[in-house]
Amino acid sequence: MISLGFAVCEWIADVLPLPGDPSRPFVLTNEQARFVVRLLEVDDRGRFTHRHGLLMQPKGWGKSPVGAALSVAFFAGPVCFDGWDAEGEPVGRPPGTGATRPPWIQIAAVSEDQAASNTYSIVWEMFSSNDGRSATALGVDAGKTRLFLKAQPGAKLEPVTSSHGSRAGQRVTFGLFDESNLWTPSNGGERLARTIRANTAKTSGLTLETANAFELGARSVAEQTFGAREDGQFDILTSFNRPSMEPTPSMDDDELLSLLREAYGDSTWLDLDRILAEVRDPTMPWAESTRLFFNLASAGNEAFIDPVRWERLVSDDEPAQGSRVALAFLGAATNSAALILCDSEPRLRVIDIWEGDYLRQAVDAAIRSAFERYDVGVFYVDPRSWRTEAERWADAFGDRVLAFPTNSPRRMAPALDRFRVAVEEGQIHHDGDEDLARHVTNARFREGRSGHMLEEQTGRPITACVAAVMALEAEATMPDPAAVPPVLIEWVSWPRRAW
């Protein structure tokens, strides 16, 4: 591998003290050094092959010290390509020398406390310890709020947050995203990440995220970056340790310790027995333990359904034509709609999910086709924005069409509880539809006066998830045709009573 990272690892050990023990040099572990070497890989023209990195490791692994060291290296270390040596290896020089512009390093966070107390505090510690030896050697003017290079006007290293307004146009040469698993659209993290990446693109710079495993469905920057790399954006470098199997609460201590050793790798300074005690703490949700200490992305405490558990409930079986089923339809105000079927197993099947600009005629055709194909016992419909169509379906299919207002906590809270228990206990299966899985992952609990309701985040539809909840509820209340004779309800009085 051709990389400036080999020289940078040596430079870090020569110049910087070890965070937490400034009497020792900062010698990276093998895992940390491999990441630096891969991140600073260059092509035959000396250009970085990666534009962005994600260092996602368990809590205490040493992500922040690595991020701090790389921030200092891009501030004053040999990170700029300066030709080749006699052995054909790349040579680096500090930024701001030759034709390169003065370095502008930003250590970014989504809150003032995070910006000051995490990675930037490690940078400050390295420069202030040992009577400022490293700062003197590098010509750094170390301040509590930012660093300057005495010999280079315009060079600076600073902490920034998403609350400081627009940063568009700043010619940043390296950006560190501190704890990007916490950067979400709601706290401005997503926009801050886009801005800093665009700024570094103008200077051919790099950006790096340090993160714990992300919460599935929270749409954090770390989750989006990980997904982009999985989708084939190979100029993004990801590095993460994972245990060889998923930990479970039923495992004994020796099994869990073995998996913790796999997750923490070379981080031998940690007391894994102490970490195991945190894992076993009954006040710590298991999903949180696996995310923080085993480095496994998991559903957060506010997630409606654990996506990993949902994925395990896929069934290839489909209800036969003519079988008795329940249907549910929800057309949301956010340009999405879903028609879901549930049979007696119970087993969910997506008839269709519409997003964006769809035609109501297509919805009507799908519903009428489902009634032709199956013996529909109950059809739940949320009447909001669909009252005219609902009246037509009631006219066509009689008393099987029933209103289910999803904005009613009295109706929804028990249905949500039923659905969640069915998923957790493996009592329900589904057809593995990717759009349904996405809507289920997007759904978040919101505590209401009458119990839990579901909350939809901007740009993260949950319509199909709610329709699936309605479908299971419809199946659970569907009458047995052999025991309950059909009762015809005159249409003129039915809408007032049902809706």
# chains A, B, ... in the order shown; residues from 1 in each chain; ligands from 1
>>> residues_around(residues="A:Ile340", least_positions_apart="6", cutoff="12 Å", atoms="only C-alpha atoms", output="PyMOL selection string")
chain A and resi 325-331+347-354+363+366-367+370+376+379-381+430-431+433+435-436+463-475
>>> residues_around(residues="A:Phe75", least_positions_apart="4", cutoff="7 Å", atoms="only C-alpha atoms", output="list in words")
Ser71, Pro95, Pro103, Ile105 and Leu157 of chain A
>>> write_last_selection(atoms="N, CA and C atoms", output="short mmCIF file (atom, residue, chain, number, x, y, z; two decimals), in the first residue's frame")
data_model
loop_
_atom_site.label_atom_id
_atom_site.label_comp_id
_atom_site.auth_asym_id
_atom_site.auth_seq_id
_atom_site.Cartn_x
_atom_site.Cartn_y
_atom_site.Cartn_z
N SER A 71 -5.96 15.28 13.72
CA SER A 71 -6.23 16.72 13.61
C SER A 71 -4.94 17.52 13.72
N PRO A 95 1.41 21.06 5.95
CA PRO A 95 0.58 22.00 5.17
C PRO A 95 1.06 23.42 5.36
N PRO A 103 -3.18 25.54 6.81
CA PRO A 103 -4.18 24.57 7.28
C PRO A 103 -5.29 25.24 8.06
N ILE A 105 -8.20 23.60 10.35
CA ILE A 105 -8.72 22.35 10.91
C ILE A 105 -9.93 22.67 11.77
N LEU A 157 -6.59 25.81 14.14
CA LEU A 157 -7.32 24.60 14.53
C LEU A 157 -8.34 25.02 15.56
#
>>> residues_around(residues="A:Arg446", least_positions_apart="6", cutoff="10 Å", atoms="only C-alpha atoms", output="list in words")
Glu302, Ala303, Phe304, His452, Met453, Leu454, Glu455 and Glu456 of chain A
>>> residues_around(residues="A:Leu292", least_positions_apart="6", cutoff="9 Å", atoms="only C-alpha atoms", output="list in words")
Gln57, Pro58, Lys59, Asn212, Ala213 and Phe214 of chain A
>>> residues_around(residues="A:Thr248", least_positions_apart="6", cutoff="12 Å", atoms="only C-alpha atoms", output="list in words")
Glu255, Leu256, Leu259, Val279, Arg280, Pro285, Trp286, Ala287, Ser289, Thr290 and Phe294 of chain A
>>> write_last_selection(atoms="N, CA and C atoms", output="PDB file, in the first residue's frame")
ATOM      1  N   GLU A 255     -18.583 -16.147  28.009  1.00  0.00           N
ATOM      2  CA  GLU A 255     -18.958 -15.938  26.608  1.00  0.00           C
ATOM      3  C   GLU A 255     -18.977 -14.451  26.266  1.00  0.00           C
ATOM      4  N   LEU A 256     -19.561 -13.642  27.148  1.00  0.00           N
ATOM      5  CA  LEU A 256     -19.631 -12.204  26.886  1.00  0.00           C
ATOM      6  C   LEU A 256     -18.241 -11.566  26.912  1.00  0.00           C
ATOM      7  N   LEU A 259     -16.541 -12.122  23.620  1.00  0.00           N
ATOM      8  CA  LEU A 259     -17.046 -11.227  22.575  1.00  0.00           C
ATOM      9  C   LEU A 259     -16.573  -9.792  22.793  1.00  0.00           C
ATOM     10  N   VAL A 279     -22.444  -3.953  31.264  1.00  0.00           N
ATOM     11  CA  VAL A 279     -23.320  -4.711  30.367  1.00  0.00           C
ATOM     12  C   VAL A 279     -24.405  -5.434  31.156  1.00  0.00           C
ATOM     13  N   ARG A 280     -24.040  -5.964  32.303  1.00  0.00           N
ATOM     14  CA  ARG A 280     -24.983  -6.727  33.128  1.00  0.00           C
ATOM     15  C   ARG A 280     -25.890  -5.837  33.991  1.00  0.00           C
ATOM     16  N   PRO A 285     -30.446  -0.714  29.235  1.00  0.00           N
ATOM     17  CA  PRO A 285     -31.156  -1.493  28.219  1.00  0.00           C
ATOM     18  C   PRO A 285     -30.178  -2.320  27.392  1.00  0.00           C
ATOM     19  N   TRP A 286     -30.561  -3.555  27.088  1.00  0.00           N
ATOM     20  CA  TRP A 286     -29.648  -4.438  26.385  1.00  0.00           C
ATOM     21  C   TRP A 286     -29.244  -3.869  25.031  1.00  0.00           C
ATOM     22  N   ALA A 287     -30.167  -3.248  24.319  1.00  0.00           N
ATOM     23  CA  ALA A 287     -29.835  -2.659  23.022  1.00  0.00           C
ATOM     24  C   ALA A 287     -28.763  -1.591  23.168  1.00  0.00           C
ATOM     25  N   SER A 289     -26.443  -1.545  25.557  1.00  0.00           N
ATOM     26  CA  SER A 289     -25.188  -2.247  25.869  1.00  0.00           C
ATOM     27  C   SER A 289     -24.523  -2.774  24.614  1.00  0.00           C
ATOM     28  N   THR A 290     -25.301  -3.409  23.742  1.00  0.00           N
ATOM     29  CA  THR A 290     -24.722  -3.966  22.528  1.00  0.00           C
ATOM     30  C   THR A 290     -24.204  -2.861  21.609  1.00  0.00           C
ATOM     31  N   PHE A 294     -20.365  -3.515  22.428  1.00  0.00           N
ATOM     32  CA  PHE A 294     -20.079  -4.550  21.435  1.00  0.00           C
ATOM     33  C   PHE A 294     -20.034  -3.987  20.013  1.00  0.00           C
TER      34      PHE A 294
END
